[in-house]
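> Sharing coords-v6.pdb, PDB, C-alpha atoms:
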```
ATOM      1  CA  MET A 543      13.476   3.641  17.509  1.00  0.00           C
ATOM      2  CA  ALA A 544      10.356   1.503  17.274  1.00  0.00           C
ATOM      3  CA  VAL A 545      10.478  -1.961  18.761  1.00  0.00           C
ATOM      4  CA  ARG A 546       9.193  -4.664  16.455  1.00  0.00           C
ATOM      5  CA  THR A 547       7.778  -7.843  17.802  1.00  0.00           C
ATOM      6  CA  ARG A 548       8.075 -11.136  16.031  1.00  0.00           C
ATOM      7  CA  ALA A 549       4.403 -10.879  15.043  1.00  0.00           C
ATOM      8  CA  THR A 550       4.879  -7.390  13.590  1.00  0.00           C
ATOM      9  CA  SER A 551       7.903  -8.519  11.617  1.00  0.00           C
ATOM     10  CA  ALA A 552       6.006 -11.539  10.320  1.00  0.00           C
ATOM     11  CA  ALA A 553       3.120  -9.301   9.226  1.00  0.00           C
ATOM     12  CA  LEU A 554       5.499  -6.993   7.355  1.00  0.00           C
ATOM     13  CA  VAL A 555       7.152  -9.941   5.631  1.00  0.00           C
ATOM     14  CA  GLY A 556       3.704 -11.216   4.674  1.00  0.00           C
ATOM     15  CA  LYS A 557       2.851  -7.888   3.046  1.00  0.00           C
ATOM     16  CA  LEU A 558       6.116  -7.893   1.114  1.00  0.00           C
ATOM     17  CA  VAL A 559       5.509 -11.434  -0.100  1.00  0.00           C
ATOM     18  CA  ALA A 560       1.952 -10.500  -1.168  1.00  0.00           C
ATOM     19  CA  ALA A 561       3.258  -7.532  -3.164  1.00  0.00           C
ATOM     20  CA  ARG A 562       5.815  -9.749  -4.869  1.00  0.00           C
ATOM     21  CA  VAL A 563       3.239 -12.441  -5.651  1.00  0.00           C
ATOM     22  CA  ILE A 564       0.976 -10.035  -7.528  1.00  0.00           C
ATOM     23  CA  GLY A 565       3.964  -8.759  -9.473  1.00  0.00           C
ATOM     24  CA  LEU A 566       4.203  -5.096  -8.502  1.00  0.00           C
ATOM     25  CA  PRO A 567       7.392  -3.640  -9.960  1.00  0.00           C
ATOM     26  CA  PRO A 568       9.821  -2.363  -7.300  1.00  0.00           C
ATOM     27  CA  ASP A 569       9.949   1.083  -8.922  1.00  0.00           C
ATOM     28  CA  LEU A 570       6.159   1.464  -9.262  1.00  0.00           C
ATOM     29  CA  PHE A 571       5.995   4.612  -7.117  1.00  0.00           C
ATOM     30  CA  ILE A 572       9.483   5.967  -7.807  1.00  0.00           C
ATOM     31  CA  ASP A 573       8.183   9.178  -9.389  1.00  0.00           C
ATOM     32  CA  VAL A 574       5.359   9.773  -6.875  1.00  0.00           C
ATOM     33  CA  ALA A 575       5.785  12.124  -3.920  1.00  0.00           C
ATOM     34  CA  PRO A 576       6.249  10.233  -0.626  1.00  0.00           C
ATOM     35  CA  LYS A 577       3.346  12.185   0.911  1.00  0.00           C
ATOM     36  CA  ALA A 578       1.021  10.976  -1.842  1.00  0.00           C
ATOM     37  CA  VAL A 579       2.088   7.360  -1.344  1.00  0.00           C
ATOM     38  CA  ALA A 580       1.645   7.743   2.431  1.00  0.00           C
ATOM     39  CA  GLY A 581      -1.876   9.085   1.864  1.00  0.00           C
ATOM     40  CA  TRP A 582      -2.771   6.178  -0.389  1.00  0.00           C
ATOM     41  CA  ARG A 583      -1.320   3.734   2.128  1.00  0.00           C
ATOM     42  CA  ALA A 584      -3.325   5.295   4.968  1.00  0.00           C
ATOM     43  CA  ARG A 585      -6.537   5.163   2.936  1.00  0.00           C
ATOM     44  CA  ALA A 586      -5.957   1.557   1.876  1.00  0.00           C
ATOM     45  CA  ALA A 587      -5.261   0.542   5.472  1.00  0.00           C
ATOM     46  CA  VAL A 588      -8.713   1.568   6.684  1.00  0.00           C
ATOM     47  CA  GLU A 589     -11.021   1.031   3.703  1.00  0.00           C
ATOM     48  CA  PRO A 590     -12.242  -2.315   2.415  1.00  0.00           C
ATOM     49  CA  PRO A 591     -11.268  -3.086  -1.209  1.00  0.00           C
ATOM     50  CA  SER A 592     -14.841  -2.611  -2.413  1.00  0.00           C
ATOM     51  CA  HIS A 593     -14.769   0.997  -1.183  1.00  0.00           C
ATOM     52  CA  LEU A 594     -11.356   1.649  -2.704  1.00  0.00           C
ATOM     53  CA  ARG A 595     -12.732   0.626  -6.110  1.00  0.00           C
ATOM     54  CA  THR A 596     -15.522   3.204  -5.892  1.00  0.00           C
ATOM     55  CA  HIS A 597     -13.166   6.209  -5.702  1.00  0.00           C
ATOM     56  CA  PRO A 598     -12.932   8.357  -8.822  1.00  0.00           C
ATOM     57  CA  VAL A 599     -10.104   7.421 -11.186  1.00  0.00           C
ATOM     58  CA  PRO A 600      -7.772  10.306 -10.122  1.00  0.00           C
ATOM     59  CA  LEU A 601      -7.730   8.869  -6.584  1.00  0.00           C
ATOM     60  CA  ARG A 602      -7.008   5.319  -7.690  1.00  0.00           C
ATOM     61  CA  VAL A 603      -3.535   4.035  -8.456  1.00  0.00           C
ATOM     62  CA  CYS A 604      -4.777   1.658 -11.160  1.00  0.00           C
TER      63      CYS A 604
END
```
Would it be possible to restate this file's structure as structure tokens?


Amino acid sequence: MAVRTRATSAALVGKLVAARVIGLPPDLFIDVAPKAVAGWRARAAVEPPSHLRTHPVPLRVC
């Protein structure tokens, strides 16, 4: 079991709040394979937004 620090928990809460603020529906990825979502998450974690926008449409979520 991973140990979460207060800072880690606060960062996770911040991400959840940000997702809610921009209005993402809770079931947005319900019909997408978990591996695909994990791949997108990994890519988004290391690339700046300007690089994410340059990917071809099939690689972008929206």

> Nearest to Trp582 in chain A: which of A:Leu594, A:Lys557, A:Leu570, A:Val563 is it, counting only C-alpha atoms?

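Nearest candidate to Trp582 in chain A out of A:Leu594, A:Lys557, A:Leu570, A:Val563: A:Leu594.
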
> When you draw a straight line from CA of Arg585 in chain A to CA of Arg548 in chain A, how long is it in Å?

25.5 Å

> Which value, in Å to one decimal, gives the distance between CA of Ala578 in chain A and CA of Arg595 in chain A?

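Value for the CA of Ala578 in chain A-CA of Arg595 in chain A distance: 17.7 Å.
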
> Would you work out the distance separating CA of Glu589 in chain A from CA of Ile572 in chain A, expressed in Å to one decimal?

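Between these atoms lies a distance of 24.0 Å.
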